[in-house]
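This report refers to the structure that appears directly beneath it.
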Amino acid sequence: MTNKKYLTRWNSSLQNNYGKPSITLVKGTGILVTDADGETYMDFLGGIATSILGHAHPSIVKAVTKQVSTLSHVSNFYAHPNAIALAEKLTKMTGDKNAKVFFCQSGAEANEAALKLSRRTGKVRVVAAQGAFHGRTMGALSLTGQPSKREPFLPLIKGVKHVPYGDIDAMRKAVSKKTAMVIIEPIMGEAGVIVPPQDYLHQLRQICDKNGALLVIDAVQTGMGRTGDWFGYEYSGIKPDVITLAKGLGGGLPLGAMIALGKAADLFQPGDHGSTFGGNPVTTAAGLAAIDFIEAKGILSKVERQGAHLIQEIALIPGVKEVRGAGLLLGIELESLKASDVSDAMRDAGVLVNAANPTTIRIAPALIVTDAQIAKFISTIRKVIADAK
Ligand SMILES: *Cc1c(COP(=O)(O)O)cnc(C)c1O
């Protein structure tokens with residue numbers, strides 16, 4: 001089977017909601033993936049910030065294999081040690097003694113859960129950011145601030161207002177005593193890796209406190225060590241009311257979570273929400289294995305150091321306008337080249353990245369990426385941009 005043959009089969013059997021994939025991946029180890037034609041690539045997108053330990057990581061393989069051959073599913077009628085252990089890990093990371101976790105499978109579901117939780121405050125209004133991405137299901141899509149994704153599916157949930165990201169005065173005007181929740185990404189990922197002003201989250205916390213609104217941090221993309229800390233907001237010193245996670249949480253397996261802190265942890269009552277696979281023994285085993293590895297190997301400080309190095313080096317490349325982000329979630333803004341052209345040329349040169357918007361290349365490699373692989377990435381993108389100019 002070749003890439004071309006797979007693509008024909010894909011096109012005739014899968015819906016066209018994603019557009020056409022360019023290659024079919026069949027194998028991966030660490031940061032490397034192989035396509036159906038036998039070509040190997042350095043995966044600098046990591047399944048979109050998902051495979052945090054890379055592909056086929058021994059710790060994940062071992063944990064999943066052990067669990068799937070012991071007990072693969074229990075339903076929500078019964079407890080399971082892995083779900084408990086992972087919830088304990090996550091709540092500890094928040095530093096909040098009352099924090100409690102709801103498990104699901106995806107980012108959209110985590111944000112749906114947060115939206116429902118906010119209804120339990122007795123209020124219904126929500127404020128979110130223009131350009132933000134919070135998922136595609138109808139509730140999550142109502143929070144998403146991208147008109148092209150929303151407009152074909154109107155009407156969405158009422159009462160959601162979108163204000164410019166990073167503009168604290170716009171937030172101050174939009175949030176009132178009637179606001180149930182404000183949802184914000186610490187760094188907007190899908191929008192093109194947009195970083196807010198340094199004191200934005202801190203001021204947003206004050207606005208939410210003043211109005212009794214829940215502050216929901218959507219850490220689906222920034223979470224699990226990607227920016228050099230666990231959730232991507234810690235630098236601000238704030239404590240959110242809710243943190244949503246998915247993408248990297250399951251170490252490459254489908255796992256999401258909605259963590260509620262403080263009083264928000266007690267808003268849901270029995271029967272309020274649920275998910276059949278939520279907290280599944282196998283996905284939570286993978287999540288635990290990923291966190292254990294990150295902690296044991298000091299990955300967070302490595303990520304921070306590598307991110308600073310990448311920003312510094314890539315910003316020097318002629319044709320690059322700026323580099324945004326933190327740790328291993330970076331947006332490379334191009335001066336004049338089309339991001340999709342550069343992304344295609346990078347793939348042909350053996351490196352997978354994506355065009356987060358028409359002028360921005362996004363990278364989100366596995367957190368185990370080595371300095372040598374980063375050096376190779378920098379020389380490849382330098383050459384690709386030089387050749388394309
Ligand atoms: C990807 C993403 C989501 C949606 O996650 P899915 O698992 O695709 O539903 C939500 N929020 C943010 C910030 C994301 O990056």
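Ligands are numbered from 1 in the order shown, residues from 1 within each chain, and chains are lettered A, B, ... in the order they appear in the structure tokens.
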
Please, which residues have at least one atom within 6 Å of an atom of ligand 1, using only C-alpha atoms and all ligand atoms, listed as a list in words? Ser106, Gly107, Ala108, Phe133, His134, Gly135, Glu185, Gly189, Glu190, Asp218, Ala219, Val220, Gln221, Ala246 and Lys247 of chain A

Save the residues we just selected, N, CA, C and O atoms, as an mmCIF file, in the first residue's frame?
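Result went into part.cif, see below:
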```
data_model
loop_
_atom_site.group_PDB
_atom_site.id
_atom_site.type_symbol
_atom_site.label_atom_id
_atom_site.label_comp_id
_atom_site.auth_asym_id
_atom_site.auth_seq_id
_atom_site.Cartn_x
_atom_site.Cartn_y
_atom_site.Cartn_z
ATOM 1 N N SER A 106 -11.803 14.299 25.286
ATOM 2 C CA SER A 106 -11.312 15.304 24.338
ATOM 3 C C SER A 106 -11.399 16.707 24.929
ATOM 4 O O SER A 106 -12.015 16.916 25.991
ATOM 5 N N GLY A 107 -10.813 17.632 24.214
ATOM 6 C CA GLY A 107 -10.840 19.026 24.644
ATOM 7 C C GLY A 107 -12.238 19.617 24.581
ATOM 8 O O GLY A 107 -12.661 20.355 25.486
ATOM 9 N N ALA A 108 -12.953 19.309 23.505
ATOM 10 C CA ALA A 108 -14.315 19.821 23.374
ATOM 11 C C ALA A 108 -15.170 19.356 24.550
ATOM 12 O O ALA A 108 -15.905 20.148 25.150
ATOM 13 N N PHE A 133 -9.937 28.984 20.305
ATOM 14 C CA PHE A 133 -10.469 27.686 19.895
ATOM 15 C C PHE A 133 -10.750 26.857 21.137
ATOM 16 O O PHE A 133 -9.857 26.619 21.944
ATOM 17 N N HIS A 134 -12.011 26.433 21.284
ATOM 18 C CA HIS A 134 -12.372 25.627 22.456
ATOM 19 C C HIS A 134 -13.030 24.307 22.059
ATOM 20 O O HIS A 134 -13.505 23.576 22.924
ATOM 21 N N GLY A 135 -13.107 24.002 20.763
ATOM 22 C CA GLY A 135 -13.671 22.729 20.329
ATOM 23 C C GLY A 135 -14.819 22.914 19.357
ATOM 24 O O GLY A 135 -15.230 24.034 19.061
ATOM 25 N N GLU A 185 -7.631 30.856 26.800
ATOM 26 C CA GLU A 185 -6.419 30.056 26.611
ATOM 27 C C GLU A 185 -5.228 30.879 27.122
ATOM 28 O O GLU A 185 -5.118 32.054 26.768
ATOM 29 N N GLY A 189 -3.571 28.711 20.884
ATOM 30 C CA GLY A 189 -2.854 27.772 20.024
ATOM 31 C C GLY A 189 -3.318 27.788 18.580
ATOM 32 O O GLY A 189 -2.584 28.201 17.676
ATOM 33 N N GLU A 190 -4.561 27.381 18.360
ATOM 34 C CA GLU A 190 -5.066 27.241 16.991
ATOM 35 C C GLU A 190 -5.064 28.577 16.243
ATOM 36 O O GLU A 190 -4.922 28.617 15.029
ATOM 37 N N ASP A 218 -8.475 27.254 29.604
ATOM 38 C CA ASP A 218 -8.441 26.163 28.634
ATOM 39 C C ASP A 218 -6.978 25.838 28.347
ATOM 40 O O ASP A 218 -6.325 26.491 27.526
ATOM 41 N N ALA A 219 -6.480 24.825 29.056
ATOM 42 C CA ALA A 219 -5.080 24.413 28.902
ATOM 43 C C ALA A 219 -4.981 23.151 28.045
ATOM 44 O O ALA A 219 -4.029 22.376 28.170
ATOM 45 N N VAL A 220 -5.978 22.956 27.171
ATOM 46 C CA VAL A 220 -6.001 21.750 26.342
ATOM 47 C C VAL A 220 -4.723 21.655 25.498
ATOM 48 O O VAL A 220 -4.120 20.586 25.391
ATOM 49 N N GLN A 221 -4.292 22.795 24.954
ATOM 50 C CA GLN A 221 -3.089 22.766 24.110
ATOM 51 C C GLN A 221 -1.817 23.127 24.895
ATOM 52 O O GLN A 221 -0.757 22.579 24.646
ATOM 53 N N ALA A 246 -6.721 18.142 27.651
ATOM 54 C CA ALA A 246 -6.912 16.979 26.778
ATOM 55 C C ALA A 246 -5.574 16.805 26.037
ATOM 56 O O ALA A 246 -4.544 16.724 26.705
ATOM 57 N N LYS A 247 -5.589 16.794 24.742
ATOM 58 C CA LYS A 247 -4.367 16.670 23.927
ATOM 59 C C LYS A 247 -3.259 15.864 24.623
ATOM 60 O O LYS A 247 -3.329 14.653 24.630
#
```

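Taking the backbone of this structure through DSSP, the residues of stretch 136-241 of chain A that come out as strand (DSSP E) are Val160, Lys161, His162, Val163, Thr179, Ala180, Met181, Val182, Ile183, Ile184, Leu214, Leu215, Val216, Ile217 and Asp218 of chain A.
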
Can you tell me which residues surround stretch 301-317 of chain A at a distance of at most 12 Å, considering only C-alpha atoms, apart from same-chain residues fewer than 6 positions away, and format the answer as an NGL selection string? :A and (52 or 224-230 or 232 or 294-295 or 323-335 or 361 or 363-386)

Which one is closest to A:Thr121: A:Gly46, A:Gly159, A:Gly252, A:Gly212? Count only C-alpha atoms. A:Gly212

Looking at only C-alpha atoms, which of A:Thr283, A:Asn357, A:Ser51, A:Ser236 is the one that sits closest to A:Gly131? A:Asn357

Quick one: DSSP helix (DSSP H, G or I) residues in stretch 188-227 of chain A, as a ChimeraX atom specification? /A:200-211

Let me see the file: selected residues, C-alpha atoms, as an mmCIF file, in the first residue's frame.
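Resulting contents of again.cif:
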```cif
data_model
loop_
_atom_site.group_PDB
_atom_site.id
_atom_site.type_symbol
_atom_site.label_atom_id
_atom_site.label_comp_id
_atom_site.auth_asym_id
_atom_site.auth_seq_id
_atom_site.Cartn_x
_atom_site.Cartn_y
_atom_site.Cartn_z
ATOM 1 C CA TYR A 200 -3.455 39.773 31.400
ATOM 2 C CA LEU A 201 -4.388 36.638 33.356
ATOM 3 C CA HIS A 202 -3.697 38.368 36.653
ATOM 4 C CA GLN A 203 -6.030 41.241 35.787
ATOM 5 C CA LEU A 204 -8.611 38.852 34.377
ATOM 6 C CA ARG A 205 -8.592 37.023 37.714
ATOM 7 C CA GLN A 206 -9.396 40.300 39.486
ATOM 8 C CA ILE A 207 -12.250 41.064 37.066
ATOM 9 C CA CYS A 208 -13.743 37.600 37.604
ATOM 10 C CA ASP A 209 -13.427 37.915 41.395
ATOM 11 C CA LYS A 210 -15.133 41.300 41.379
ATOM 12 C CA ASN A 211 -18.085 39.896 39.436
#
```

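Atom CA of A:Gln146 to atom CA of A:Leu267 spans 29.3 Å [interatomic distance, one decimal].
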
Long-range neighbours of A:Gly145 as an MDAnalysis selection string, 9 Å cut-off, only C-alpha atoms, 5 positions minimum in chain: chainID A and resid 128:134 150 161:163

Within 12 Å of A:Asp266, counting only C-alpha atoms, which residues qualify if same-chain residues fewer than 2 places away don't, as an mmCIF file with all heavy atoms, in the first residue's frame?
```cif
data_model
loop_
_atom_site.group_PDB
_atom_site.id
_atom_site.type_symbol
_atom_site.label_atom_id
_atom_site.label_comp_id
_atom_site.auth_asym_id
_atom_site.auth_seq_id
_atom_site.Cartn_x
_atom_site.Cartn_y
_atom_site.Cartn_z
ATOM 1 N N ASN A 98 -8.896 21.533 47.550
ATOM 2 C CA ASN A 98 -10.273 21.119 47.280
ATOM 3 C C ASN A 98 -10.498 20.691 45.815
ATOM 4 O O ASN A 98 -11.591 20.275 45.440
ATOM 5 C CB ASN A 98 -11.240 22.255 47.641
ATOM 6 C CG ASN A 98 -12.656 21.749 47.857
ATOM 7 O OD1 ASN A 98 -12.860 20.767 48.537
ATOM 8 N ND2 ASN A 98 -13.628 22.407 47.229
ATOM 9 N N ALA A 99 -9.457 20.796 44.974
ATOM 10 C CA ALA A 99 -9.619 20.534 43.535
ATOM 11 C C ALA A 99 -10.113 19.108 43.284
ATOM 12 O O ALA A 99 -9.700 18.169 43.978
ATOM 13 C CB ALA A 99 -8.299 20.764 42.814
ATOM 14 N N LYS A 100 -11.034 18.978 42.286
ATOM 15 C CA LYS A 100 -11.547 17.658 41.919
ATOM 16 C C LYS A 100 -11.676 17.561 40.401
ATOM 17 O O LYS A 100 -11.897 18.555 39.726
ATOM 18 C CB LYS A 100 -12.889 17.400 42.594
ATOM 19 C CG LYS A 100 -12.753 17.227 44.105
ATOM 20 C CD LYS A 100 -14.029 16.711 44.751
ATOM 21 C CE LYS A 100 -13.875 16.646 46.259
ATOM 22 N NZ LYS A 100 -13.720 17.984 46.878
ATOM 23 N N VAL A 101 -11.578 16.310 39.918
ATOM 24 C CA VAL A 101 -11.442 16.087 38.479
ATOM 25 C C VAL A 101 -12.663 15.394 37.883
ATOM 26 O O VAL A 101 -13.263 14.524 38.526
ATOM 27 C CB VAL A 101 -10.186 15.214 38.206
ATOM 28 C CG1 VAL A 101 -10.022 14.923 36.717
ATOM 29 C CG2 VAL A 101 -8.936 15.881 38.755
ATOM 30 N N PHE A 102 -13.039 15.800 36.667
ATOM 31 C CA PHE A 102 -13.979 15.030 35.846
ATOM 32 C C PHE A 102 -13.203 14.596 34.602
ATOM 33 O O PHE A 102 -12.566 15.427 33.945
ATOM 34 C CB PHE A 102 -15.186 15.904 35.432
ATOM 35 C CG PHE A 102 -15.980 15.302 34.312
ATOM 36 C CD1 PHE A 102 -16.871 14.268 34.541
ATOM 37 C CD2 PHE A 102 -15.806 15.745 32.998
ATOM 38 C CE1 PHE A 102 -17.583 13.690 33.488
ATOM 39 C CE2 PHE A 102 -16.520 15.170 31.944
ATOM 40 C CZ PHE A 102 -17.405 14.141 32.197
ATOM 41 N N LEU A 117 -20.849 23.085 34.097
ATOM 42 C CA LEU A 117 -20.538 23.403 35.492
ATOM 43 C C LEU A 117 -20.910 24.857 35.797
ATOM 44 O O LEU A 117 -21.483 25.157 36.851
ATOM 45 C CB LEU A 117 -19.038 23.182 35.753
ATOM 46 C CG LEU A 117 -18.597 23.298 37.213
ATOM 47 C CD1 LEU A 117 -18.802 21.958 37.921
ATOM 48 C CD2 LEU A 117 -17.125 23.704 37.321
ATOM 49 N N SER A 118 -20.613 25.755 34.847
ATOM 50 C CA SER A 118 -20.869 27.183 35.088
ATOM 51 C C SER A 118 -22.366 27.468 35.208
ATOM 52 O O SER A 118 -22.771 28.402 35.891
ATOM 53 C CB SER A 118 -20.252 28.050 33.983
ATOM 54 O OG SER A 118 -21.058 28.056 32.821
ATOM 55 N N ARG A 120 -24.333 25.750 36.873
ATOM 56 C CA ARG A 120 -24.659 25.444 38.259
ATOM 57 C C ARG A 120 -24.393 26.620 39.199
ATOM 58 O O ARG A 120 -24.674 26.523 40.396
ATOM 59 C CB ARG A 120 -23.896 24.199 38.727
ATOM 60 C CG ARG A 120 -24.547 22.904 38.269
ATOM 61 C CD ARG A 120 -25.962 22.864 38.773
ATOM 62 N NE ARG A 120 -26.545 21.525 38.737
ATOM 63 C CZ ARG A 120 -27.837 21.309 38.929
ATOM 64 N NH1 ARG A 120 -28.665 22.314 39.152
ATOM 65 N NH2 ARG A 120 -28.308 20.083 38.891
ATOM 66 N N THR A 121 -23.841 27.728 38.651
ATOM 67 C CA THR A 121 -23.719 28.940 39.461
ATOM 68 C C THR A 121 -25.058 29.670 39.495
ATOM 69 O O THR A 121 -25.222 30.645 40.222
ATOM 70 C CB THR A 121 -22.666 29.908 38.876
ATOM 71 O OG1 THR A 121 -23.105 30.317 37.564
ATOM 72 C CG2 THR A 121 -21.301 29.254 38.760
ATOM 73 N N ASP A 241 -10.562 28.896 38.499
ATOM 74 C CA ASP A 241 -11.633 28.102 39.113
ATOM 75 C C ASP A 241 -11.758 26.758 38.421
ATOM 76 O O ASP A 241 -12.208 25.784 39.024
ATOM 77 C CB ASP A 241 -12.961 28.854 39.028
ATOM 78 C CG ASP A 241 -12.877 30.171 39.771
ATOM 79 O OD1 ASP A 241 -12.712 30.140 40.998
ATOM 80 O OD2 ASP A 241 -12.928 31.226 39.114
ATOM 81 N N VAL A 242 -11.393 26.746 37.128
ATOM 82 C CA VAL A 242 -11.507 25.520 36.338
ATOM 83 C C VAL A 242 -10.326 25.454 35.371
ATOM 84 O O VAL A 242 -9.913 26.475 34.825
ATOM 85 C CB VAL A 242 -12.833 25.506 35.526
ATOM 86 C CG1 VAL A 242 -12.907 24.272 34.627
ATOM 87 C CG2 VAL A 242 -14.048 25.561 36.453
ATOM 88 N N ILE A 259 -10.878 20.075 35.533
ATOM 89 C CA ILE A 259 -10.526 20.144 36.959
ATOM 90 C C ILE A 259 -11.177 21.395 37.522
ATOM 91 O O ILE A 259 -10.982 22.488 36.986
ATOM 92 C CB ILE A 259 -9.002 20.243 37.164
ATOM 93 C CG1 ILE A 259 -8.264 19.205 36.325
ATOM 94 C CG2 ILE A 259 -8.655 20.090 38.650
ATOM 95 C CD1 ILE A 259 -6.745 19.368 36.358
ATOM 96 N N ALA A 260 -11.958 21.222 38.587
ATOM 97 C CA ALA A 260 -12.560 22.382 39.242
ATOM 98 C C ALA A 260 -11.847 22.600 40.568
ATOM 99 O O ALA A 260 -11.534 21.643 41.285
ATOM 100 C CB ALA A 260 -14.048 22.157 39.456
ATOM 101 N N LEU A 261 -11.559 23.853 40.870
ATOM 102 C CA LEU A 261 -10.818 24.206 42.084
ATOM 103 C C LEU A 261 -11.741 24.921 43.072
ATOM 104 O O LEU A 261 -12.762 25.491 42.682
ATOM 105 C CB LEU A 261 -9.649 25.131 41.740
ATOM 106 C CG LEU A 261 -8.396 24.525 41.071
ATOM 107 C CD1 LEU A 261 -8.700 24.032 39.670
ATOM 108 C CD2 LEU A 261 -7.275 25.551 41.013
ATOM 109 N N GLY A 262 -11.310 24.929 44.333
ATOM 110 C CA GLY A 262 -12.041 25.686 45.354
ATOM 111 C C GLY A 262 -13.509 25.299 45.404
ATOM 112 O O GLY A 262 -13.864 24.125 45.311
ATOM 113 N N LYS A 263 -14.349 26.317 45.545
ATOM 114 C CA LYS A 263 -15.788 26.067 45.659
ATOM 115 C C LYS A 263 -16.381 25.473 44.387
ATOM 116 O O LYS A 263 -17.390 24.771 44.430
ATOM 117 C CB LYS A 263 -16.519 27.380 45.964
ATOM 118 C CG LYS A 263 -16.382 27.818 47.404
ATOM 119 C CD LYS A 263 -17.356 28.993 47.640
ATOM 120 C CE LYS A 263 -16.899 29.853 48.799
ATOM 121 N NZ LYS A 263 -16.958 31.283 48.530
ATOM 122 N N ALA A 264 -15.766 25.769 43.243
ATOM 123 C CA ALA A 264 -16.277 25.266 41.957
ATOM 124 C C ALA A 264 -16.267 23.736 41.929
ATOM 125 O O ALA A 264 -17.043 23.111 41.198
ATOM 126 C CB ALA A 264 -15.463 25.831 40.802
ATOM 127 N N PHE A 268 -21.016 20.412 40.719
ATOM 128 C CA PHE A 268 -21.717 19.278 40.098
ATOM 129 C C PHE A 268 -22.293 18.356 41.185
ATOM 130 O O PHE A 268 -21.613 18.029 42.162
ATOM 131 C CB PHE A 268 -20.779 18.451 39.217
ATOM 132 C CG PHE A 268 -20.726 18.878 37.778
ATOM 133 C CD1 PHE A 268 -19.646 18.515 36.967
ATOM 134 C CD2 PHE A 268 -21.758 19.616 37.193
ATOM 135 C CE1 PHE A 268 -19.585 18.887 35.623
ATOM 136 C CE2 PHE A 268 -21.715 19.984 35.854
ATOM 137 C CZ PHE A 268 -20.622 19.627 35.072
ATOM 138 N N GLN A 269 -23.515 17.942 40.981
ATOM 139 C CA GLN A 269 -24.182 16.987 41.876
ATOM 140 C C GLN A 269 -24.387 15.669 41.123
ATOM 141 O O GLN A 269 -24.331 15.653 39.895
ATOM 142 C CB GLN A 269 -25.540 17.560 42.307
ATOM 143 C CG GLN A 269 -25.425 18.859 43.109
ATOM 144 C CD GLN A 269 -24.574 18.686 44.359
ATOM 145 O OE1 GLN A 269 -24.760 17.744 45.121
ATOM 146 N NE2 GLN A 269 -23.606 19.583 44.560
ATOM 147 N N PRO A 270 -24.605 14.567 41.844
ATOM 148 C CA PRO A 270 -24.806 13.279 41.161
ATOM 149 C C PRO A 270 -25.881 13.394 40.072
ATOM 150 O O PRO A 270 -26.946 13.952 40.310
ATOM 151 C CB PRO A 270 -25.248 12.350 42.297
ATOM 152 C CG PRO A 270 -24.608 12.927 43.516
ATOM 153 C CD PRO A 270 -24.630 14.424 43.310
ATOM 154 N N ASP A 272 -25.485 15.115 37.269
ATOM 155 C CA ASP A 272 -25.337 16.334 36.472
ATOM 156 C C ASP A 272 -24.583 16.135 35.161
ATOM 157 O O ASP A 272 -24.800 16.850 34.191
ATOM 158 C CB ASP A 272 -24.613 17.417 37.286
ATOM 159 C CG ASP A 272 -25.574 18.205 38.160
ATOM 160 O OD1 ASP A 272 -26.787 17.918 38.103
ATOM 161 O OD2 ASP A 272 -25.111 19.111 38.896
#
```

Between A:Lys158, A:Lys177, A:Lys97, A:Arg125, which is the closest to A:Ala265 once you count only C-alpha atoms? A:Lys97

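Residue nearest A:Ala114, chosen from A:Ala285, A:Gln67, A:Thr34, A:Ala140 and counting only C-alpha atoms: A:Ala140.
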
Any idea what the distance is between atom CA of A:Leu300 and atom CA of A:Thr40? 27.5 Å

Quick one, how far is atom CA of A:Ala180 from atom CA of A:Val127? 8.5 Å

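For A:Tyr78, the residues within 12 Å (counting only C-alpha atoms, excluding itself and residues fewer than 4 positions away along the chain) are A:His73, A:Val74, A:Ala83, A:Ile84, A:Thr276, A:Gly278, A:Gly279, A:Asn280, A:Pro281.
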
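Using only C-alpha atoms for every distance, the candidate list A:Thr284, A:Glu151, A:Leu7, A:Lys178 yields A:Thr284 as the residue closest to A:Gly250.
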